[in-house]
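Asker: Right, I'll just put the structure down here and ask away after.
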Amino acid sequence: MTKDEILERVIEIVRLYAKDDDAMEAISLETNILQDLKVNSARLVDVILAFEDEFDIEVEDEDADAVDTVGDAVELILAKVG
Amino acid sequence: MVFMLRFGLRYRIRNAAELRSRYRALVRESDGPVLICANHLTMIDSALVAWALGGSWWWVFNYRRMPWNLPEYNNFASHWFNRALAWIAKCLPIVRGGKRSEVSGVLKCIQHLLSKGETALIFAEGGRSRTGRIQLDSIADGVGRIISSVPGCQALCVYLRGDRQESWSTIPARGDSFYVDFELFEPNSEHSGLRRSRDFAVQVVEHLARMEERYFSQSGVTA
């Protein structure tokens, strides 16, 4: 799976939880999920659990700590799917 | 603090003697880490829970048993004097909704303290309930994370509510009388990783919701 394919699927998942439509339109690897997209911290866990389901991976609490931006999520998934 | 609650604000805990007796027995008999998980309606809930469970003098002579708290940083610890007071009152300020990596440091402190036999209190919903009822869709990540990472950790679910508390507020109404109940249980999960932590957190909040249902059915108030 390529990085672009992962990014595309990550964006579709994040879209379900984002509260800022303008930020969603301008989403990039640098977009901060909590601050820019206004996803609250409890919902961030739901987002990461959705990544688990979508990519058939398992994420540890410590792995999730590193996810601030869309790019962080893509890198985490890339590392997990190998 | 207790003086202010009892005489300044004229609060009263119903069945306080029985509650404290039950709590002390639980403390004596408990052989593992205990995380107190309470519902959250006012900004002084942690003080009320501590008062309800231990009284005042008992905490003086059992300071180690007094639970650590995780107050919102911006409410309690924005000034060095408040931070010093918070430390004495066993508070570890946390930025709610902050970056996971920053919150993680505080949660690791709590995990360490629990593993050393200390007790901690956390609000399972993360913040004060905006509906006045347990919010099943508002679950704090930290609760499950702590339970998941401390082997044998049990959750002591505490449901606290003033008779005149209809929704959330800064403090309860002056002269209010409080219903308090608690139940100990050990969450279980077949999952691992982040999903295990979430599973634990959901179980705690659902347990509190059942305690709330019981409160309303006993008090005759319709939901």
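Labeling convention for the structure tokens: chains A, B, ... as they appear, residues from 1 per chain, ligands from 1 in order of appearance.
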Looking only at the backbone, which of the residues in region 19-113 of chain B does DSSP tag as strand (DSSP E), as a PyMOL selection string?

Answerer: chain B and resi 34-38+68-69

Asker: I'd like the contact shell of Gly152 (chain B) - 7 Å cut-off, only C-alpha atoms, skipping same-chain residues fewer than 2 positions apart - returned as a ChimeraX atom specification.

Answerer: /B:32-33,150,154

Asker: Please list as a PyMOL selection string every residue within 10 Å of Asp21 (chain A), counting only C-alpha atoms and excluding residues in the same chain fewer than 4 positions away.

Answerer: chain A and resi 15+25-27+36-38

Asker: With only C-alpha atoms counted and 6 Å as the cut-off, give the residues of chain A in contact with chain B, each with its shortest interatomic distance in Å and the pair that gives it, as JSON lines.

Answerer:
{"residue": "A:Ser41", "atom": "CA", "partner": "B:Gly97", "partner_atom": "CA", "distance": 5.1}
{"residue": "A:Ala42", "atom": "CA", "partner": "B:Asp141", "partner_atom": "CA", "distance": 5.9}
{"residue": "A:Val59", "atom": "CA", "partner": "B:Gly193", "partner_atom": "CA", "distance": 5.8}
{"residue": "A:Glu60", "atom": "CA", "partner": "B:Gly193", "partner_atom": "CA", "distance": 4.2}
{"residue": "A:Asp61", "atom": "CA", "partner": "B:Leu194", "partner_atom": "CA", "distance": 5.0}
{"residue": "A:Asp65", "atom": "CA", "partner": "B:Ser101", "partner_atom": "CA", "distance": 4.8}

Asker: Given only C-alpha atoms as the basis, pick out the residue of B:Cys153, B:Ile134, B:Val95, B:Val49 nearest to Leu114 (chain B).

Answerer: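 The answer is B:Cys153, which sits nearest to Leu114 (chain B).
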
Asker: Using backbone DSSP assignments, extract all alpha helix (DSSP H) residues from chain A; output them as a VMD selection string.

Answerer: chain A and resid 3 to 15 21 to 25 41 to 55 61 to 65 70 to 81

Asker: Quick one: of A:Ile33, A:Leu49, A:Met1, A:Val39, who's nearest to Val67 (chain A), counting only C-alpha atoms?

Answerer: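 So, comparing all the options, the nearest one is A:Ile33.
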
Asker: Please list as a list in words every residue within 8 Å of Cys157 (chain B), counting only C-alpha atoms and excluding residues in the same chain fewer than 3 positions away.

Answerer: Ile36, Cys37, Ala38, Phe182, Glu183, Leu184, Phe185, Val204, His207 and Leu208 of chain B

Asker: Limited to N, CA and C atoms, could you put the picked residues into a file as a PDB file, in the first residue's frame?

Answerer:
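Final output, part.pdb:
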ATOM      1  N   ILE B  36     -10.199   5.549  41.769  1.00  0.00           N
ATOM      2  CA  ILE B  36     -11.548   6.044  42.034  1.00  0.00           C
ATOM      3  C   ILE B  36     -12.048   6.750  40.775  1.00  0.00           C
ATOM      4  N   CYS B  37     -13.183   6.284  40.257  1.00  0.00           N
ATOM      5  CA  CYS B  37     -13.740   6.843  39.021  1.00  0.00           C
ATOM      6  C   CYS B  37     -15.104   7.443  39.353  1.00  0.00           C
ATOM      7  N   ALA B  38     -15.197   8.753  39.308  1.00  0.00           N
ATOM      8  CA  ALA B  38     -16.434   9.409  39.738  1.00  0.00           C
ATOM      9  C   ALA B  38     -17.137  10.090  38.571  1.00  0.00           C
ATOM     10  N   PHE B 182     -20.815   3.980  46.238  1.00  0.00           N
ATOM     11  CA  PHE B 182     -19.639   3.504  45.496  1.00  0.00           C
ATOM     12  C   PHE B 182     -19.675   1.988  45.349  1.00  0.00           C
ATOM     13  N   GLU B 183     -19.052   1.520  44.295  1.00  0.00           N
ATOM     14  CA  GLU B 183     -18.962   0.078  44.012  1.00  0.00           C
ATOM     15  C   GLU B 183     -17.607  -0.219  43.397  1.00  0.00           C
ATOM     16  N   LEU B 184     -17.012  -1.296  43.864  1.00  0.00           N
ATOM     17  CA  LEU B 184     -15.701  -1.689  43.345  1.00  0.00           C
ATOM     18  C   LEU B 184     -15.882  -2.770  42.293  1.00  0.00           C
ATOM     19  N   PHE B 185     -15.200  -2.630  41.179  1.00  0.00           N
ATOM     20  CA  PHE B 185     -15.217  -3.725  40.207  1.00  0.00           C
ATOM     21  C   PHE B 185     -13.931  -3.723  39.391  1.00  0.00           C
ATOM     22  N   VAL B 204     -16.352   1.431  32.714  1.00  0.00           N
ATOM     23  CA  VAL B 204     -16.449   2.293  33.896  1.00  0.00           C
ATOM     24  C   VAL B 204     -17.614   3.270  33.752  1.00  0.00           C
ATOM     25  N   HIS B 207     -20.873   1.541  34.063  1.00  0.00           N
ATOM     26  CA  HIS B 207     -21.127   1.191  35.467  1.00  0.00           C
ATOM     27  C   HIS B 207     -21.692   2.411  36.205  1.00  0.00           C
ATOM     28  N   LEU B 208     -21.082   3.561  35.967  1.00  0.00           N
ATOM     29  CA  LEU B 208     -21.579   4.794  36.595  1.00  0.00           C
ATOM     30  C   LEU B 208     -23.005   5.098  36.135  1.00  0.00           C
TER      31      LEU B 208
END

Asker: Determine the nearest neighbour of Glu12 (chain A) from the options A:Asp53, A:Asn40, A:Met24, A:Asp68, counting only C-alpha atoms.

Answerer: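 Closest to Glu12 (chain A) of all the choices is A:Met24.
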
Asker: From the options A:Val45, A:Ile6, A:Leu16, A:Leu34, which residue's atoms come nearest to Leu76 (chain A), counting only C-alpha atoms?

Answerer: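 Looking only at the distances to Leu76 (chain A), the closest residue turns out to be A:Ile6.
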
Asker: Provide the CA of Lys80 (chain A) to CA of Val47 (chain A) distance in Å, to one decimal place.

Answerer: 16.0 Å

Asker: Quote the spacing between CA of Ile77 (chain A) and CA of Val106 (chain B) in Å to one decimal place.

Answerer: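 Pair CA of Ile77 (chain A) / CA of Val106 (chain B) returns 26.1 Å.
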
Asker: Quick one: everything within 9 Å of Ala16 (chain B), counting only C-alpha atoms, minus sequence neighbours fewer than 5 positions away in the same chain. Send it as an MDAnalysis selection string.

Answerer: chainID B and resid 21 51:55 180

Asker: Quote the spacing between CA of Ala25 (chain B) and CA of Ser46 (chain B) in Å to one decimal place.

Answerer: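 A separation of 20.6 Å between them.
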
Asker: Please identify all polymer residues within 12 Å of His112 (chain B), counting only C-alpha atoms, omitting same-chain residues fewer than 4 positions from it, and present them as a PDB file with C-alpha atoms, in the first residue's frame.

Answerer:
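Below you can see around_9.pdb, which holds the result:
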ATOM      1  CA  PRO B  33      -4.364  -0.711  43.137  1.00  0.00           C
ATOM      2  CA  TRP B  68      -4.361  12.010  43.888  1.00  0.00           C
ATOM      3  CA  GLY B 105       3.221  12.242  31.097  1.00  0.00           C
ATOM      4  CA  VAL B 106       0.669  12.975  33.821  1.00  0.00           C
ATOM      5  CA  LEU B 107      -1.067   9.632  33.322  1.00  0.00           C
ATOM      6  CA  LYS B 108       2.282   7.869  33.690  1.00  0.00           C
ATOM      7  CA  LYS B 116       3.172   2.051  44.612  1.00  0.00           C
ATOM      8  CA  GLY B 117      -0.081   1.628  46.543  1.00  0.00           C
ATOM      9  CA  GLU B 118      -1.379   5.200  46.302  1.00  0.00           C
ATOM     10  CA  THR B 119      -4.949   5.959  45.264  1.00  0.00           C
ATOM     11  CA  ALA B 120      -6.075   8.319  42.526  1.00  0.00           C
ATOM     12  CA  ILE B 146      -4.570   3.902  33.572  1.00  0.00           C
ATOM     13  CA  ILE B 147      -6.545   0.733  34.337  1.00  0.00           C
ATOM     14  CA  SER B 149      -1.483  -0.200  32.302  1.00  0.00           C
ATOM     15  CA  VAL B 150      -1.627  -0.967  36.033  1.00  0.00           C
ATOM     16  CA  PRO B 151      -1.842  -4.734  36.589  1.00  0.00           C
ATOM     17  CA  CYS B 153      -6.132  -2.212  38.942  1.00  0.00           C
TER      18      CYS B 153
END
